[in-house]
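Novice: So here's coords.txt, just compact mmCIF, C-alpha atoms:
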# COMPACT_ATOMS: atom_id res chain seq x y z
CA MET M 1 -49.62 -10.06 47.50
CA LYS M 2 -46.62 -11.72 45.82
CA THR M 3 -48.15 -11.11 42.36
CA MET M 4 -48.63 -7.44 43.14
CA THR M 5 -44.97 -7.12 44.16
CA THR M 6 -43.83 -8.80 40.91
CA ILE M 7 -45.97 -6.45 38.79
CA SER M 8 -44.64 -3.46 40.72
CA CYS M 9 -41.07 -4.64 40.19
CA PHE M 10 -41.72 -5.19 36.46
CA LYS M 11 -43.20 -1.70 36.16
CA LYS M 12 -40.13 -0.22 37.82
CA LEU M 13 -37.83 -2.08 35.44
CA LEU M 14 -39.88 -0.94 32.44
CA LEU M 15 -39.75 2.63 33.70
CA LEU M 16 -35.97 2.39 34.15
CA ALA M 17 -35.52 0.94 30.64
CA SER M 18 -37.69 3.72 29.20
CA ILE M 19 -35.68 6.38 31.02
CA LEU M 20 -32.41 4.85 29.75
CA LEU M 21 -33.75 4.67 26.17
CA LEU M 22 -34.96 8.26 26.29
CA GLY M 23 -31.65 9.34 27.81
CA ALA M 24 -29.74 7.56 25.02
CA LEU M 25 -31.92 9.19 22.37
CA ALA M 26 -31.45 12.59 24.02
CA PHE M 27 -27.67 12.01 24.03
CA ILE M 28 -27.66 11.01 20.33
CA TYR M 29 -29.74 14.01 19.25
CA SER M 30 -27.98 16.50 21.52
CA GLY M 31 -24.79 16.34 19.40
CA ILE M 32 -22.56 16.53 22.46
CA TYR M 33 -20.68 13.31 21.58
CA PRO M 34 -17.15 14.28 20.40
CA MET M 35 -16.95 12.66 16.94
CA GLY M 36 -13.45 13.96 16.07
CA ALA M 37 -10.69 11.44 15.34
CA ASP M 38 -8.47 13.45 17.69
CA SER M 39 -10.75 12.68 20.63
CA LYS M 40 -9.87 9.25 22.08
CA HIS M 41 -12.31 6.60 23.31
CA PHE M 42 -12.55 5.71 26.99
CA PRO M 43 -10.50 2.54 27.67
CA ALA M 44 -13.71 0.57 28.28
CA THR M 45 -15.24 1.75 24.98
CA TYR M 46 -12.01 0.85 23.18
CA TRP M 47 -12.00 -2.61 24.74
CA VAL M 48 -15.63 -3.21 23.72
CA LEU M 49 -15.01 -2.11 20.12
CA GLU M 50 -11.73 -4.02 19.80
CA THR M 51 -13.23 -7.21 21.24
CA LEU M 52 -16.28 -6.88 19.00
CA ARG M 53 -14.00 -6.42 15.95
CA GLU M 54 -11.70 -9.35 16.72
CA GLN M 55 -14.50 -11.77 17.58
CA SER M 56 -16.41 -10.82 14.44
CA ILE M 57 -13.35 -11.23 12.18
CA ALA M 58 -12.37 -14.56 13.77
CA ARG M 59 -15.87 -15.94 13.21
CA ALA M 60 -16.17 -14.64 9.63
CA ALA M 61 -12.68 -15.79 8.58
CA LYS M 62 -12.65 -19.27 10.11
CA ASP M 63 -13.73 -21.10 6.92
CA ILE M 64 -11.33 -19.32 4.56
CA VAL M 65 -8.85 -21.70 2.90
CA VAL M 66 -5.27 -20.38 2.69
CA PRO M 67 -3.55 -21.27 -0.63
CA ASP M 68 -0.72 -23.84 -0.37
CA ASN M 69 1.73 -21.52 -2.11
CA ILE M 70 1.09 -18.52 0.15
CA ASN M 71 4.85 -18.18 0.79
CA ALA M 72 5.88 -18.39 -2.90
CA SER M 73 8.32 -15.77 -4.21
CA THR M 74 5.97 -14.99 -7.12
CA ARG M 75 3.23 -13.99 -4.67
CA LEU M 76 5.67 -11.82 -2.70
CA LEU M 77 6.69 -10.03 -5.86
CA ALA M 78 3.12 -9.57 -7.08
CA GLY M 79 1.89 -8.32 -3.70
CA GLY M 80 4.76 -5.92 -3.02
CA ALA M 81 3.88 -3.26 -5.57
CA ASP M 82 0.20 -3.31 -4.53
CA TYR M 83 1.16 -2.93 -0.86
CA ASN M 84 3.33 0.06 -1.70
CA ASP M 85 0.55 1.74 -3.70
CA MET M 86 -2.44 0.88 -1.54
CA CYS M 87 -1.29 0.27 2.05
CA ALA M 88 2.10 1.86 2.81
CA SER M 89 0.73 5.37 3.37
CA CYS M 90 -1.17 4.13 6.45
CA HIS M 91 0.62 0.91 7.43
CA LEU M 92 4.12 2.28 6.73
CA LYS M 93 7.28 0.62 5.41
CA PRO M 94 10.85 -0.10 6.58
CA GLU M 95 12.62 3.02 7.94
CA LYS M 96 9.37 5.05 7.95
CA SER M 97 7.80 5.28 11.38
CA SER M 98 4.95 7.72 10.68
CA SER M 99 2.91 9.41 7.97
CA ASP M 100 0.04 11.90 7.81
CA PHE M 101 -2.39 8.99 7.90
CA SER M 102 -0.73 7.02 10.69
CA LEU M 103 -0.63 10.18 12.84
CA GLY M 104 -4.16 11.35 12.07
CA LEU M 105 -6.28 8.22 11.85
CA TYR M 106 -8.12 6.86 14.90
CA PRO M 107 -7.90 4.03 15.68
CA VAL M 108 -4.22 4.24 14.69
CA PRO M 109 -3.49 1.90 11.76
CA PRO M 110 -1.01 -0.80 12.83
CA ASN M 111 2.57 -0.44 11.60
CA LEU M 112 2.91 -3.60 9.52
CA ALA M 113 6.61 -3.04 8.89
CA ILE M 114 7.54 -4.05 12.44
CA LYS M 115 6.95 -7.25 14.43
CA HIS M 116 4.13 -7.20 16.98
CA ASP M 117 5.04 -10.18 19.16
CA ASP M 118 3.49 -8.52 22.21
CA HIS M 119 0.21 -7.90 20.41
CA ALA M 120 -0.20 -10.95 18.15
CA HIS M 121 -3.82 -11.78 17.31
CA SER M 122 -3.07 -15.47 16.90
CA ASP M 123 -0.15 -17.84 17.49
CA ASP M 124 -1.26 -19.86 14.51
CA GLU M 125 0.16 -18.45 11.26
CA ASN M 126 -2.66 -20.01 9.25
CA THR M 127 -5.32 -18.25 11.34
CA GLU M 128 -3.38 -15.01 11.05
CA ASP M 129 -3.31 -15.37 7.23
CA LYS M 130 -7.07 -15.90 7.15
CA ARG M 131 -7.53 -12.80 9.33
CA ARG M 132 -5.30 -10.67 7.08
CA PHE M 133 -7.12 -11.85 3.97
CA TRP M 134 -10.56 -11.12 5.45
CA ILE M 135 -9.55 -7.64 6.59
CA ILE M 136 -8.04 -6.68 3.22
CA LYS M 137 -11.03 -8.06 1.35
CA HIS M 138 -13.85 -6.69 3.52
CA GLY M 139 -12.30 -3.73 5.35
CA ILE M 140 -13.33 -2.59 8.85
CA LYS M 141 -16.25 -0.28 9.54
CA ALA M 142 -15.53 3.24 10.83
CA SER M 143 -11.80 2.63 11.06
CA GLY M 144 -10.49 4.03 7.77
CA MET M 145 -9.71 0.52 6.51
CA PRO M 146 -11.47 0.12 3.15
CA SER M 147 -12.70 -3.06 1.51
CA TRP M 148 -10.40 -3.86 -1.41
CA ALA M 149 -12.76 -6.49 -2.85
CA PRO M 150 -14.24 -4.15 -5.48
CA GLY M 151 -11.65 -4.18 -8.24
CA HIS M 152 -9.29 -6.73 -6.66
CA ASP M 153 -9.80 -10.48 -7.01
CA ASP M 154 -8.93 -13.01 -4.30
CA GLU M 155 -5.61 -13.97 -5.90
CA ARG M 156 -4.43 -10.39 -5.79
CA ILE M 157 -5.47 -10.08 -2.14
CA TRP M 158 -3.61 -13.32 -1.27
CA ASN M 159 -0.52 -11.83 -2.93
CA MET M 160 -0.77 -8.87 -0.55
CA VAL M 161 -1.18 -11.25 2.40
CA SER M 162 1.98 -13.06 1.27
CA PHE M 163 3.91 -9.77 1.17
CA ILE M 164 2.57 -8.53 4.53
CA LYS M 165 3.68 -11.80 6.19
CA ARG M 166 7.30 -11.08 5.28
CA LEU M 167 7.22 -7.28 5.53
CA PRO M 168 8.61 -7.05 9.11
CA ASP M 169 11.70 -9.01 7.98
CA LEU M 170 12.54 -6.63 5.13
CA ASN M 171 15.08 -3.81 5.19
CA ALA M 172 14.65 -0.64 3.12
CA GLN M 173 16.61 -1.97 0.11
CA GLN M 174 14.74 -5.27 0.03
CA TYR M 175 11.47 -3.36 0.28
CA GLN M 176 12.42 -1.07 -2.63
CA VAL M 177 13.37 -4.00 -4.87
CA LEU M 178 10.27 -6.04 -4.07
CA THR M 179 7.81 -3.16 -4.43
CA ALA M 180 9.24 -1.50 -7.55
CA ARG M 181 6.59 -1.32 -10.22
CA LYS M 182 8.09 -0.84 -13.62
CA LYS M 183 7.06 1.84 -16.10
CA GLY M 184 3.84 0.93 -17.88
CA ASP M 185 2.71 -1.43 -15.11
CA THR M 186 -0.21 0.38 -13.50
CA GLY M 187 -1.08 -2.55 -11.31
CA HIS M 188 -4.62 -2.70 -12.60
CA HIS M 189 -6.12 -5.65 -14.41
CA MET Q 190 -19.59 46.78 -5.98
CA LYS Q 191 -21.47 43.47 -6.18
CA LYS Q 192 -19.09 42.28 -8.92
CA LEU Q 193 -16.10 43.16 -6.73
CA MET Q 194 -17.59 41.12 -3.88
CA ILE Q 195 -18.09 38.06 -6.15
CA HIS Q 196 -14.51 38.36 -7.46
CA SER Q 197 -13.13 38.65 -3.93
CA MET Q 198 -15.10 35.59 -2.79
CA ALA Q 199 -13.91 33.56 -5.79
CA LEU Q 200 -10.32 34.61 -5.09
CA LEU Q 201 -10.61 33.63 -1.43
CA ALA Q 202 -12.17 30.24 -2.32
CA THR Q 203 -9.35 29.56 -4.83
CA ALA Q 204 -6.70 30.50 -2.26
CA PHE Q 205 -8.33 28.21 0.31
CA ILE Q 206 -8.45 25.24 -2.08
CA ALA Q 207 -4.82 25.85 -3.09
CA SER Q 208 -3.73 25.94 0.56
CA THR Q 209 -5.48 22.64 1.36
CA THR Q 210 -3.71 20.87 -1.53
CA LEU Q 211 -0.39 21.94 -0.03
CA ALA Q 212 -1.28 20.52 3.39
CA HIS Q 213 0.05 17.05 2.56
CA ASP Q 214 3.35 15.92 1.18
CA PRO Q 215 2.36 15.12 -2.43
CA SER Q 216 4.79 12.20 -2.54
CA GLU Q 217 2.61 10.46 0.09
CA HIS Q 218 -0.16 10.09 -2.45
CA MET Q 219 1.75 9.50 -5.66
CA THR Q 220 1.98 6.15 -7.37
CA LYS Q 221 5.53 5.94 -8.58
CA ASN Q 222 6.80 3.68 -11.28
CA GLU Q 223 10.42 2.96 -10.59
CA GLU Q 224 13.08 0.42 -11.44
CA PRO Q 225 14.35 -1.84 -8.64
CA LYS Q 226 17.65 -0.58 -7.23
CA CYS Q 227 19.63 -3.78 -7.45
CA ALA Q 228 23.11 -2.22 -7.42
CA GLY Q 229 25.10 -3.05 -4.30
CA MET Q 230 23.17 -6.23 -3.52
CA ASP Q 231 25.43 -8.81 -1.89
CA HIS Q 232 24.27 -12.11 -3.39
CA SER Q 233 26.73 -14.14 -1.30
CA LYS Q 234 24.90 -13.19 1.90
CA MET Q 235 21.53 -14.23 0.53
CA ASP Q 236 19.84 -17.47 1.50
CA MET Q 237 18.54 -18.64 -1.85
CA THR Q 238 16.00 -20.95 -0.22
CA ASP Q 239 14.28 -17.88 1.24
CA PRO Q 240 11.34 -16.66 -0.92
CA VAL Q 241 12.41 -13.03 -0.26
CA ALA Q 242 15.86 -13.68 -1.81
CA GLN Q 243 14.28 -15.60 -4.68
CA ALA Q 244 11.82 -12.76 -5.37
CA MET Q 245 14.65 -10.18 -5.26
CA MET Q 246 16.76 -12.22 -7.69
CA GLU Q 247 13.79 -12.60 -10.00
CA GLN Q 248 13.04 -8.87 -9.90
CA CYS Q 249 16.68 -7.90 -10.45
CA SER Q 250 17.27 -10.46 -13.19
CA MET Q 251 14.27 -9.04 -15.07
CA SER Q 252 15.74 -5.54 -14.86
CA GLY Q 253 19.20 -7.00 -15.69
CA ASP Q 254 17.82 -8.50 -18.88
CA LYS Q 255 16.56 -5.09 -19.84
CA GLN Q 256 19.97 -3.55 -19.16
CA LYS Q 257 21.62 -6.29 -21.24
CA MET Q 258 19.15 -5.64 -23.99
CA ASP Q 259 19.92 -1.93 -23.84
CA MET Q 260 23.65 -2.70 -23.96
CA LYS Q 261 23.24 -5.06 -26.90
CA HIS Q 262 21.13 -2.48 -28.64
CA SER Q 263 23.75 0.22 -28.13
CA GLN Q 264 26.51 -2.18 -29.27
CA HIS Q 265 24.45 -2.93 -32.36
CA LYS Q 266 24.08 0.78 -32.99
CA ASN Q 267 27.82 1.27 -32.52
CA MET Q 268 28.51 -1.55 -34.94
CA HIS Q 269 26.23 0.06 -37.47
CA SER Q 270 27.87 3.43 -36.99
CA SER Q 271 31.38 1.97 -37.30
CA GLU Q 272 30.39 0.25 -40.56
CA LYS Q 273 29.00 3.56 -41.78
CA ASP Q 274 32.29 5.25 -40.82
CA LYS Q 275 34.26 2.62 -42.71
CA GLU Q 276 32.00 3.05 -45.73
CA SER Q 277 32.40 6.82 -45.68
CA MET Q 278 36.17 6.37 -45.29
CA ARG Q 279 36.19 4.08 -48.31
CA MET Q 280 34.14 6.62 -50.28
CA LYS Q 281 36.51 9.41 -49.25
CA MET Q 282 39.56 7.34 -50.21
CA LYS Q 283 38.01 6.44 -53.53
CA ALA Q 284 37.13 10.09 -54.18
CA ASN Q 285 40.67 11.12 -53.30
CA HIS Q 286 42.04 8.38 -55.56
CA ASP Q 287 39.80 9.52 -58.43
CA SER Q 288 40.82 13.13 -57.98
CA HIS Q 289 44.46 12.05 -58.00
CA ASP Q 290 43.79 10.11 -61.18
CA GLU Q 291 42.38 13.28 -62.75
CA HIS Q 292 45.44 15.20 -61.71
CA GLN Q 293 47.93 12.66 -62.90
CA HIS Q 294 50.86 14.18 -64.59
Output the file's structure as structure tokens, nothing else.
Specialist:
Amino acid sequence: MKTMTTISCFKKLLLLASILLLGALAFIYSGIYPMGADSKHFPATYWVLETLREQSIARAAKDIVVPDNINASTRLLAGGADYNDMCASCHLKPEKSSSDFSLGLYPVPPNLAIKHDDHAHSDDENTEDKRRFWIIKHGIKASGMPSWAPGHDDERIWNMVSFIKRLPDLNAQQYQVLTARKKGDTGHH
Amino acid sequence: MKKLMIHSMALLATAFIASTTLAHDPSEHMTKNEEPKCAGMDHSKMDMTDPVAQAMMEQCSMSGDKQKMDMKHSQHKNMHSSEKDKESMRMKMKANHDSHDEHQH
């Protein structure tokens, strides 16, 4: 009698799983999901995606070794021009609070020109550097953040990390001086 | 009639493409090469142990060297031109002297 009840319960669970799977497939193929970047996620969906992203990055970046001279002035100078060319249109710069990209992308790209004490990903600066490096190098799926690894070696990416670390401290004049790329310097190897 | 339709479609497509290129501020997507604007920097307020200040000084000293070089170059050119002026003056004086010699009474 007990065995019969267990089989019946298992059948019900299988039926429920099948219904859910078919329902999910029907939802996917129906095309009713709003795919537009101007349609926001539910808070629960956002939490799931954000947690998935942060846990994945933390795991992937944990063995990265941060260079000893990450704070060197030469790295700041080398990374500044690249940041201005490759990142500033989305991640902004001193005295610029929005752009076409920062307004239109979803999820909204973080403004790296201001301090985010209330939303820090890690208290440890070393861990934060590893995280920045991994994100610049590998990018983030379906977020608009590209992988810069093709065409940019690790040294060049560390230079950008060095600049991003100090970016919230810079005023507009300091930013202009540090990011100025002289005539003839295309920034490419 | 068919030709007119094709021309109209092509014109509309061109107008549409042109309008989409104007949708963004072009400066957002331009890679600009520019000199660092170092004028007005107050060096006395800078903490020279800070990598930001060191990087700024390095950047500005590089552009300063270029300005010095430009200045030296222009001074060199001026020196050359002043020597040329002196030479032409000497030639003129000599010519005048010769002509006076010819007209000696």
Novice: Can you measure atom CA of M:Ser98 to atom CA of M:Ser143 for me? One decimal in Å is fine.
Specialist: 17.5 Å
Novice: Of the candidates M:Lys141, M:Arg132, M:Lys11, M:Lys62, which one gets nearest to M:Glu50 if we count all atoms listed in the file?
Specialist: M:Lys141
Novice: Determine, for each residue of chain M having at least one atom at most 10 Å from an atom of chain Q, the closest pair of atoms and their separation in Å to one decimal, counting only C-alpha atoms; order by chain and ascending number, as CSV.
Specialist:
residue,atom,partner,partner_atom,distance
M:Asn71,CA,Q:Pro240,CA,6.9
M:Ala72,CA,Q:Pro240,CA,6.1
M:Ser73,CA,Q:Pro240,CA,4.6
M:Thr74,CA,Q:Ala244,CA,6.5
M:Arg75,CA,Q:Ala244,CA,8.7
M:Leu76,CA,Q:Ala244,CA,6.8
M:Leu77,CA,Q:Ala244,CA,5.8
M:Ala78,CA,Q:Ala244,CA,9.4
M:Ala81,CA,Q:Asn222,CA,9.4
M:Asn84,CA,Q:Thr220,CA,8.4
M:Asp85,CA,Q:Thr220,CA,5.9
M:Met86,CA,Q:Thr220,CA,9.0
M:Ala88,CA,Q:Glu217,CA,9.0
M:Ser89,CA,Q:Glu217,CA,6.3
M:Cys90,CA,Q:Glu217,CA,9.7
M:Ser99,CA,Q:Glu217,CA,8.0
M:Asp100,CA,Q:His213,CA,7.4
M:Phe101,CA,Q:Glu217,CA,9.4
M:Phe163,CA,Q:Val241,CA,9.2
M:Arg166,CA,Q:Val241,CA,7.8
M:Leu167,CA,Q:Val241,CA,9.7
M:Asp169,CA,Q:Val241,CA,9.2
M:Leu170,CA,Q:Val241,CA,8.4
M:Gln173,CA,Q:Lys226,CA,7.5
M:Gln174,CA,Q:Met245,CA,7.2
M:Tyr175,CA,Q:Met245,CA,9.3
M:Gln176,CA,Q:Pro225,CA,6.4
M:Val177,CA,Q:Pro225,CA,4.5
M:Leu178,CA,Q:Met245,CA,6.1
M:Thr179,CA,Q:Pro225,CA,7.9
M:Ala180,CA,Q:Pro225,CA,5.2
M:Arg181,CA,Q:Asn222,CA,5.1
M:Lys182,CA,Q:Asn222,CA,5.3
M:Lys183,CA,Q:Asn222,CA,5.2
M:Gly184,CA,Q:Asn222,CA,7.7
M:Asp185,CA,Q:Asn222,CA,7.6
M:Thr186,CA,Q:Asn222,CA,8.1
Novice: In Å, with one decimal, what is the gap from atom CA of M:Ala113 to atom CA of M:Glu128?
Specialist: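 Going from atom CA of M:Ala113 over to atom CA of M:Glu128, I get 15.7 Å.
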Novice: To one decimal place in Å, what is the distance between atom CA of M:Leu105 and atom CA of M:Ala142?
Specialist: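 For atom CA of M:Leu105 relative to atom CA of M:Ala142, the distance reads 10.6 Å.
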Novice: Env of M:Asn111: 8 Å cut, atoms = all atoms listed in the file, seq-sep filter 4 positions within chain, self excluded. Answer as a ChimeraX atom specification.
Specialist: /M:90-93,97
